[in-house]
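**Student:** Input file: coords02.cif. Contents: mmCIF, C-alpha atoms.
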```cif
data_final
#
loop_
_atom_site.label_atom_id
_atom_site.label_comp_id
_atom_site.auth_asym_id
_atom_site.auth_seq_id
_atom_site.Cartn_x
_atom_site.Cartn_y
_atom_site.Cartn_z
CA MET B 1 101.03 329.13 -11.83
CA ILE B 2 102.49 325.75 -12.75
CA ARG B 3 100.64 322.50 -13.50
CA SER B 4 100.49 321.36 -9.87
CA ASP B 5 98.91 324.72 -8.92
CA ILE B 6 96.22 324.17 -11.57
CA LEU B 7 95.61 320.64 -10.29
CA LYS B 8 95.23 321.90 -6.71
CA SER B 9 92.84 324.63 -7.86
CA ILE B 10 90.54 322.24 -9.77
CA ILE B 11 90.28 319.52 -7.11
CA PRO B 12 86.93 320.85 -5.78
CA VAL B 13 85.57 320.66 -9.36
CA ILE B 14 86.93 317.24 -10.34
CA THR B 15 86.91 315.31 -7.08
CA ASN B 16 83.48 313.79 -7.77
CA GLU B 17 84.05 313.20 -11.49
CA LEU B 18 85.62 310.39 -13.49
CA VAL B 19 89.15 311.49 -14.37
CA ILE B 20 91.70 310.02 -16.76
CA CYS B 21 95.08 311.52 -15.93
CA ASN B 22 98.12 311.88 -18.15
CA ILE B 23 101.29 309.82 -17.67
CA GLY B 24 104.14 310.89 -15.42
CA LEU B 25 104.11 313.84 -13.09
CA PRO B 26 100.45 314.86 -13.70
CA SER B 27 99.24 311.46 -12.46
CA GLN B 28 101.73 311.48 -9.60
CA GLU B 29 100.61 314.96 -8.55
CA LEU B 30 96.91 314.10 -8.73
CA HIS B 31 97.55 310.88 -6.82
CA MET B 32 99.38 312.80 -4.10
CA ILE B 33 96.82 315.62 -3.85
CA ASP B 34 93.52 313.73 -4.16
CA ASP B 35 93.71 309.97 -4.66
CA GLN B 36 90.28 308.54 -5.55
CA PRO B 37 88.92 305.34 -7.10
CA SER B 38 87.37 307.68 -9.70
CA ASN B 39 90.87 308.61 -10.93
CA PHE B 40 92.57 306.51 -13.59
CA TYR B 41 96.32 307.06 -13.49
CA MET B 42 98.37 306.41 -16.59
CA LEU B 43 101.65 304.77 -15.62
CA GLY B 44 102.90 304.44 -19.19
CA THR B 45 101.91 305.01 -22.80
CA MET B 46 102.67 308.62 -23.66
CA GLY B 47 99.92 310.35 -25.62
CA LEU B 48 96.86 308.17 -25.09
CA CYS B 49 95.14 310.05 -22.25
CA SER B 50 92.65 311.81 -24.51
CA SER B 51 91.95 308.59 -26.43
CA ILE B 52 91.24 306.63 -23.25
CA GLY B 53 89.01 309.48 -22.07
CA LEU B 54 87.05 309.60 -25.32
CA GLY B 55 86.61 305.82 -25.40
CA LEU B 56 85.31 305.93 -21.83
CA ALA B 57 82.96 308.85 -22.51
CA LEU B 58 81.49 307.16 -25.60
CA SER B 59 80.88 303.93 -23.70
CA GLN B 60 78.94 305.06 -20.64
CA LYS B 61 76.84 307.99 -19.42
CA GLN B 62 78.88 309.68 -16.68
CA LYS B 63 80.94 312.77 -17.34
CA VAL B 64 84.62 312.17 -18.07
CA ILE B 65 87.47 314.64 -17.66
CA ALA B 66 90.76 313.76 -19.37
CA ILE B 67 93.60 315.77 -17.87
CA ASP B 68 96.17 315.86 -20.63
CA GLY B 69 99.24 317.91 -21.48
CA ASP B 70 100.45 319.78 -24.52
CA GLY B 71 103.33 317.37 -25.05
CA SER B 72 101.02 314.38 -24.83
CA VAL B 73 98.53 315.83 -27.33
CA LEU B 74 101.41 316.59 -29.71
CA THR B 75 102.50 312.94 -29.36
CA ASN B 76 99.03 311.70 -30.35
CA PHE B 77 97.96 314.47 -32.71
CA GLY B 78 95.50 312.23 -34.52
CA THR B 79 93.33 312.29 -31.42
CA LEU B 80 91.87 315.75 -32.12
CA PRO B 81 90.11 314.85 -35.41
CA THR B 82 88.82 311.65 -33.78
CA ILE B 83 87.42 313.65 -30.87
CA ALA B 84 85.91 316.26 -33.20
CA ASN B 85 84.15 313.66 -35.33
CA ASN B 86 82.90 311.42 -32.52
CA VAL B 87 81.16 313.92 -30.28
CA ALA B 88 80.61 312.81 -26.69
CA ASP B 89 78.87 315.59 -24.79
CA ASN B 90 79.93 313.99 -21.49
CA PHE B 91 83.60 314.48 -22.41
CA ILE B 92 85.92 317.28 -21.38
CA LEU B 93 89.52 317.34 -22.52
CA LEU B 94 91.57 319.60 -20.29
CA ILE B 95 94.95 320.26 -21.86
CA ILE B 96 97.30 321.77 -19.30
CA ASP B 97 99.60 323.61 -21.67
CA ASN B 98 102.86 324.55 -20.01
CA GLY B 99 104.80 324.56 -23.27
CA SER B 100 107.08 321.82 -22.09
CA TYR B 101 107.59 318.11 -21.60
CA GLY B 102 107.45 318.41 -17.81
CA SER B 103 108.05 314.80 -16.81
CA THR B 104 111.21 314.46 -18.87
CA GLY B 105 112.99 317.62 -17.76
CA ASP B 106 110.98 320.55 -19.08
CA GLN B 107 112.20 320.37 -22.66
CA PRO B 108 110.20 322.90 -24.71
CA THR B 109 107.30 321.71 -26.88
CA TYR B 110 106.16 323.30 -30.14
CA ALA B 111 102.95 324.26 -28.32
CA GLY B 112 105.08 326.75 -26.41
CA MET B 113 106.42 328.14 -29.67
CA LYS B 114 104.46 328.80 -32.88
CA THR B 115 101.83 326.05 -32.56
CA SER B 116 98.52 326.88 -30.88
CA LEU B 117 96.71 323.76 -29.71
CA THR B 118 93.56 325.87 -29.39
CA GLU B 119 93.69 326.73 -33.08
CA VAL B 120 94.62 323.18 -34.01
CA ALA B 121 91.65 321.77 -32.07
CA ARG B 122 89.34 324.24 -33.82
CA ALA B 123 90.82 323.42 -37.23
CA CYS B 124 90.26 319.73 -36.51
CA GLY B 125 86.56 320.44 -36.09
CA CYS B 126 86.19 320.56 -32.31
CA GLU B 127 83.23 322.87 -31.79
CA THR B 128 83.75 324.11 -28.24
CA VAL B 129 87.37 325.02 -27.60
CA ILE B 130 88.25 327.42 -24.80
CA GLU B 131 91.69 328.76 -24.03
CA CYS B 132 92.08 330.13 -20.53
CA ALA B 133 94.69 331.47 -18.18
CA ALA B 134 95.85 329.09 -15.46
CA ALA B 135 93.99 330.97 -12.73
CA ASP B 136 90.69 330.62 -14.62
CA THR B 137 90.93 326.86 -15.13
CA ALA B 138 88.62 325.81 -12.27
CA LYS B 139 85.91 328.26 -13.29
CA THR B 140 86.20 327.29 -16.97
CA LEU B 141 86.04 323.61 -16.12
CA GLU B 142 82.99 324.11 -13.92
CA LEU B 143 81.16 325.92 -16.72
CA ALA B 144 82.11 323.18 -19.19
CA LEU B 145 80.75 320.51 -16.84
CA THR B 146 77.39 322.25 -16.59
CA SER B 147 77.21 323.10 -20.30
CA GLY B 148 76.46 319.52 -21.39
CA LYS B 149 78.69 320.05 -24.42
CA MET B 150 81.91 318.32 -25.32
CA THR B 151 84.59 320.87 -24.50
CA ILE B 152 88.31 321.18 -25.11
CA ILE B 153 90.00 323.48 -22.60
CA VAL B 154 93.54 324.66 -23.17
CA ALA B 155 94.83 326.05 -19.86
CA LYS B 156 98.03 328.02 -20.31
CA CYS B 157 100.51 327.90 -17.46
CA GLU B 158 104.18 328.14 -16.58
CA SER B 159 106.57 325.26 -16.87
CA GLY B 160 107.80 323.68 -13.64
CA ASN B 161 107.43 320.74 -11.31
CA ILE B 162 107.16 319.91 -7.61
CA PRO B 163 108.71 316.86 -5.92
CA VAL B 164 106.20 313.99 -5.90
CA PRO B 165 106.37 310.32 -4.93
CA VAL B 166 105.90 307.66 -7.60
CA ILE B 167 102.60 305.79 -7.69
CA GLU B 168 102.99 302.39 -6.09
CA LEU B 169 99.49 301.12 -6.85
CA ASP B 170 99.50 298.10 -9.15
CA PRO B 171 98.08 298.94 -12.59
CA ALA B 172 95.50 296.16 -12.34
CA VAL B 173 94.35 297.65 -9.02
CA ILE B 174 94.05 301.15 -10.52
CA ARG B 175 92.03 299.75 -13.42
CA HIS B 176 89.89 297.44 -11.28
CA ARG B 177 88.87 300.03 -8.69
CA PHE B 178 88.24 302.59 -11.44
CA MET B 179 85.97 300.16 -13.31
CA GLU B 180 84.07 299.33 -10.12
CA GLU B 181 83.51 303.06 -9.63
CA VAL B 182 82.38 303.56 -13.25
CA SER B 183 80.02 300.62 -12.92
CA ARG B 184 78.62 301.83 -9.58
CA ARG B 185 77.95 305.31 -10.96
CA ASN B 186 76.20 303.95 -14.01
CA GLY B 187 73.96 301.83 -11.80
CA MET S 1 78.33 282.45 -44.85
CA PRO S 2 80.92 285.07 -45.93
CA ALA S 3 83.88 285.45 -43.55
CA GLU S 4 82.86 289.04 -42.81
CA ASP S 5 79.51 287.85 -41.43
CA VAL S 6 81.12 285.10 -39.37
CA ILE S 7 83.45 287.73 -37.91
CA LEU S 8 80.63 290.14 -37.04
CA ASP S 9 78.46 287.40 -35.54
CA SER S 10 81.38 286.11 -33.46
CA LEU S 11 81.96 289.64 -32.13
CA THR S 12 78.31 289.94 -31.14
CA LYS S 13 78.25 286.48 -29.58
CA ASN S 14 81.13 287.63 -27.38
CA ARG S 15 79.35 290.91 -26.53
CA VAL S 16 81.82 293.14 -28.39
CA GLU S 17 80.15 296.51 -28.94
CA PHE S 18 83.01 298.98 -29.52
CA VAL S 19 85.12 298.60 -32.64
CA THR S 20 87.91 300.84 -33.86
CA THR S 21 89.52 300.38 -37.25
CA VAL S 22 92.43 301.57 -39.34
CA PRO S 23 91.90 300.70 -42.99
CA CYS S 24 93.54 298.03 -45.13
CA LYS S 25 92.46 296.96 -48.61
CA GLN S 26 91.89 293.41 -47.35
CA LEU S 27 89.71 294.74 -44.52
CA ALA S 28 87.56 297.05 -46.67
CA GLY S 29 84.61 294.64 -46.66
CA VAL S 30 84.59 293.93 -42.94
CA ILE S 31 85.07 297.61 -42.06
CA GLU S 32 82.13 298.60 -44.25
CA LYS S 33 79.93 295.99 -42.60
CA ILE S 34 80.97 297.10 -39.11
CA ASP S 35 80.22 300.70 -40.03
CA ASN S 36 76.73 299.84 -41.27
CA ASP S 37 75.81 297.50 -38.43
CA LYS S 38 73.95 299.00 -35.48
CA ARG S 39 75.24 296.27 -33.17
CA PHE S 40 78.58 298.12 -33.09
CA MET S 41 79.80 301.56 -32.13
CA HIS S 42 82.43 302.17 -34.81
CA VAL S 43 85.07 304.81 -34.07
CA PRO S 44 87.74 304.91 -36.79
CA SER S 45 91.26 305.73 -35.55
CA ASN S 46 93.97 307.70 -37.27
CA LYS S 47 96.65 305.44 -35.86
CA GLU S 48 96.59 302.04 -34.22
CA ASP S 49 98.03 303.09 -30.86
CA GLU S 50 95.35 305.78 -30.63
CA GLY S 51 92.83 303.01 -31.29
CA MET S 52 94.22 301.00 -28.39
CA GLY S 53 93.66 303.99 -26.11
CA LEU S 54 90.05 304.21 -27.30
CA CYS S 55 89.62 300.48 -26.68
CA ALA S 56 91.05 300.73 -23.16
CA GLY S 57 88.59 303.52 -22.36
CA ALA S 58 85.66 301.64 -23.87
CA TYR S 59 86.51 298.53 -21.86
CA MET S 60 86.59 300.53 -18.63
CA GLY S 61 83.26 302.05 -19.61
CA GLY S 62 81.70 298.61 -19.87
CA LYS S 63 81.82 298.06 -23.63
CA ARG S 64 83.93 295.17 -24.86
CA PRO S 65 86.34 296.45 -27.53
CA CYS S 66 88.02 295.16 -30.67
CA ILE S 67 90.59 296.72 -33.00
CA ILE S 68 90.77 295.92 -36.70
CA MET S 69 94.08 296.87 -38.30
CA GLN S 70 96.91 295.89 -40.66
CA ASN S 71 100.00 293.95 -39.56
CA THR S 72 102.34 296.71 -40.76
CA ALA S 73 101.25 298.71 -37.70
CA ILE S 74 102.41 296.18 -35.11
CA GLY S 75 105.64 298.12 -34.62
CA VAL S 76 103.95 301.36 -33.63
CA THR S 77 101.69 299.62 -31.13
CA ILE S 78 104.31 297.75 -29.08
CA ASN S 79 104.47 300.36 -26.32
CA SER S 80 100.68 300.68 -26.08
CA LEU S 81 100.26 296.92 -25.97
CA VAL S 82 102.87 296.46 -23.28
CA THR S 83 102.36 299.49 -21.01
CA LEU S 84 98.59 299.91 -21.36
CA ILE S 85 96.79 296.81 -22.58
CA GLN S 86 98.99 294.15 -20.95
CA TYR S 87 100.12 296.17 -17.91
CA TYR S 88 96.52 296.95 -16.83
CA ASN S 89 95.15 293.48 -17.78
CA ILE S 90 92.84 294.78 -20.50
CA PRO S 91 91.42 292.27 -22.98
CA LEU S 92 91.84 293.30 -26.61
CA PRO S 93 91.14 291.16 -29.65
CA MET S 94 93.17 292.46 -32.60
CA LEU S 95 91.82 291.37 -35.97
CA ILE S 96 94.76 291.93 -38.28
CA SER S 97 95.06 291.72 -42.04
CA TYR S 98 98.23 289.74 -42.65
CA ARG S 99 99.69 291.58 -45.61
CA GLY S 100 102.89 290.38 -47.21
CA GLU S 101 102.03 286.69 -47.14
CA VAL S 102 101.79 284.37 -50.19
CA GLY S 103 99.57 286.02 -52.78
CA GLU S 104 100.77 289.53 -51.89
CA ARG S 105 101.30 291.88 -54.84
CA VAL S 106 103.12 294.70 -53.06
CA ALA S 107 106.69 293.65 -52.31
CA CYS S 108 107.16 296.18 -49.52
CA GLN S 109 104.39 294.52 -47.48
CA VAL S 110 106.59 291.43 -47.18
CA GLU S 111 109.12 293.45 -45.20
CA MET S 112 106.77 293.72 -42.20
CA ALA S 113 105.21 290.30 -42.75
CA VAL S 114 108.54 288.62 -41.97
CA HIS S 115 108.61 290.39 -38.59
CA THR S 116 104.94 290.15 -37.65
CA LYS S 117 104.87 286.82 -35.80
CA ALA S 118 108.27 287.42 -34.21
CA LEU S 119 107.16 290.76 -32.76
CA LEU S 120 103.92 289.30 -31.39
CA ALA S 121 105.83 286.34 -29.93
CA GLN S 122 108.39 288.68 -28.36
CA ILE S 123 105.66 290.38 -26.31
CA ASN S 124 103.84 287.12 -25.50
CA ILE S 125 100.65 287.82 -27.41
CA PRO S 126 98.65 284.68 -28.25
CA THR S 127 98.58 284.66 -32.05
CA TYR S 128 96.31 282.77 -34.44
CA HIS S 129 96.77 282.56 -38.21
CA PHE S 130 93.68 282.30 -40.43
CA HIS S 131 94.49 280.88 -43.89
CA HIS S 132 91.41 278.87 -44.89
CA ALA S 133 87.84 280.18 -45.00
CA ASP S 134 86.80 277.71 -42.28
CA ASP S 135 89.36 279.19 -39.89
CA ALA S 136 86.88 282.01 -39.22
CA LEU S 137 84.89 279.53 -37.15
CA GLU S 138 87.72 279.61 -34.58
CA LEU S 139 87.11 283.30 -33.88
CA ASP S 140 84.30 282.74 -31.38
CA GLY S 141 86.59 280.72 -29.11
CA ILE S 142 89.52 283.10 -29.58
CA LEU S 143 87.41 286.12 -28.56
CA ASN S 144 86.10 284.26 -25.53
CA HIS S 145 89.70 283.40 -24.60
CA SER S 146 90.80 287.05 -24.82
CA PHE S 147 88.05 288.31 -22.51
CA MET S 148 88.42 285.39 -20.12
CA ALA S 149 92.17 285.91 -19.77
CA LYS S 150 92.01 289.74 -19.95
CA LYS S 151 94.79 289.68 -22.54
CA PRO S 152 95.32 290.97 -26.05
CA VAL S 153 95.15 288.32 -28.77
CA ALA S 154 96.17 288.67 -32.41
CA VAL S 155 94.30 287.03 -35.28
CA LEU S 156 96.33 287.25 -38.49
CA MET S 157 94.12 286.89 -41.55
CA ASP S 158 96.15 286.34 -44.72
CA ALA S 159 95.42 286.78 -48.44
CA GLY S 160 94.40 283.13 -48.77
CA PHE S 161 91.76 283.55 -46.05
CA TRP S 162 90.24 286.64 -47.64
CA ARG S 163 90.37 285.15 -51.16
CA ALA S 164 88.68 281.95 -50.02
CA SER S 165 85.99 283.72 -48.02
#
```
Can the structure from this file be put into C-alpha cells for me?
**Tutor:**
Amino acid sequence: MIRSDILKSIIPVITNELVICNIGLPSQELHMIDDQPSNFYMLGTMGLCSSIGLGLALSQKQKVIAIDGDGSVLTNFGTLPTIANNVADNFILLIIDNGSYGSTGDQPTYAGMKTSLTEVARACGCETVIECAAADTAKTLELALTSGKMTIIVAKCESGNIPVPVIELDPAVIRHRFMEEVSRRNG
Amino acid sequence: MPAEDVILDSLTKNRVEFVTTVPCKQLAGVIEKIDNDKRFMHVPSNKEDEGMGLCAGAYMGGKRPCIIMQNTAIGVTINSLVTLIQYYNIPLPMLISYRGEVGERVACQVEMAVHTKALLAQINIPTYHFHHADDALELDGILNHSFMAKKPVAVLMDAGFWRAS
C-alpha cells in the first residue's frame, strides 16, 4: 500500500473528525478523495502539520487528527518533545511513514533507513506510540480515537504517488471554513 | 508598573490566551511571569517556526495566540510567516527581544540586529520598536491592530527598554 491507499482506507474513520493535513500530495489526495470543511489543508510550510494539530487540540475540545509524514516530522523534529510534554488527549498524530519525501520526487528519508520515528517518539516521552502496517491503519486509528489518550501512530507503507490535481481553494477560504466548523462543533 | 506586567495585562485585555516562547536572556522575566500566570496557556517551543505552527492551530481553535522570541530567529521563521501566517490571514503578535542594539555585550548578536528590520520590512510585517519604558503602553493598540487586520506584527524590544523597565 502507498500513502493514497492509506488515506482511502481511513476516510470512514476521519470523515467526521477535525483533520490537519500535511503539505503537498497528502493534502491534495485528501482534498480529491474527501473534501470537507473539517479538513485543514496545508498549502505551504513544510514540517508544521503536527504543531498546528497540537495547537488546535490544546485550544478546544474536539478530537484532532494531524495527518503528517515521516519527512515532515524529520523537518520539524522539535515537535515530538513538545507534543510529549504538552499532553492533549484529544490529539492523534498519524505519521504516514513511506520512507521518502513523496511530494518532491520520492527522495529517501532517514526514517526509511536507520532512524525509527516510533523509537524517537518514545524517547521524546510520548506515552502512547503505536507502529502499524499500512493495512492496519484504519483499525489502529479507530482504537486511538476511542481510547481518549493522546496517540502517535506510525503507519509504515510503500513509497509512491498517484496523479492528483492541485488545490485551488484560497488559503483564507480553507482557514475560514475550517474555523467555522471548529466553532460550530464546540458549540 | 514593570514592563512585564504591562505586557501581560495588554495580552489579557486583547483576549490573548495561548502563548508560546523561545527563551532569551532579556525575556527571562516575562517568560517566567507568563508561565506562572493562569490567564495564559504557555507552551514553550523548541524552535520559532514550530511555535508559529502552534499559534496557527491555537487561533483556529479559538484561542488568540502570541509568540515571544529573540530577533536572531527571524531568519528561520520567514517561510512560516509568509506561507502560513500571512497566506492564511492569521493574526500573530510577535514580541521580540531586540538583541544586538546599543547596550549589547555580545558582539555576534549585532550581526542579526543589522538585518532584523530589513527582513521584517521585506515581508511587509508592521514593526514597532520599543526603546523607552513608556513604549510598553503602545502594546495594547498594537495587539488590537494585529487581530483586527489578521496580520502578524513585530514588536522589537531593545536593551534600553528592558533596562528602563
**Student:** Point out the residue among B:Gly112, B:Gly125, B:Pro12, B:Gly78 with the least atom-to-atom distance to chain S, counting only C-alpha atoms.
**Tutor:** B:Gly78
**Student:** Calculate how many Å separate atom CA of S:Met112 from atom CA of S:Arg99, rounding to one decimal.
**Tutor:** 8.1 Å
**Student:** As a ChimeraX atom specification, please: the residues near B:Leu58 (cut-off 8 Å, all atoms listed in the file, same-chain neighbours under 3 positions excluded).
**Tutor:** /B:54-55,61,88 /S:58
**Student:** Just checking: using all atoms listed in the file, which residue out of S:Ile34, S:Met157, S:Ala107, S:Ile74 ends up closest to S:Ile125?
**Tutor:**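 Of the candidates, the smallest distance to S:Ile125 is held by S:Ile74.
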**Student:** Can you work out the spacing between atom CA of S:His42 and atom CA of S:Thr20 in Å, to one decimal?
**Tutor:**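 Atom CA of S:His42 sits 5.7 Å away from atom CA of S:Thr20.
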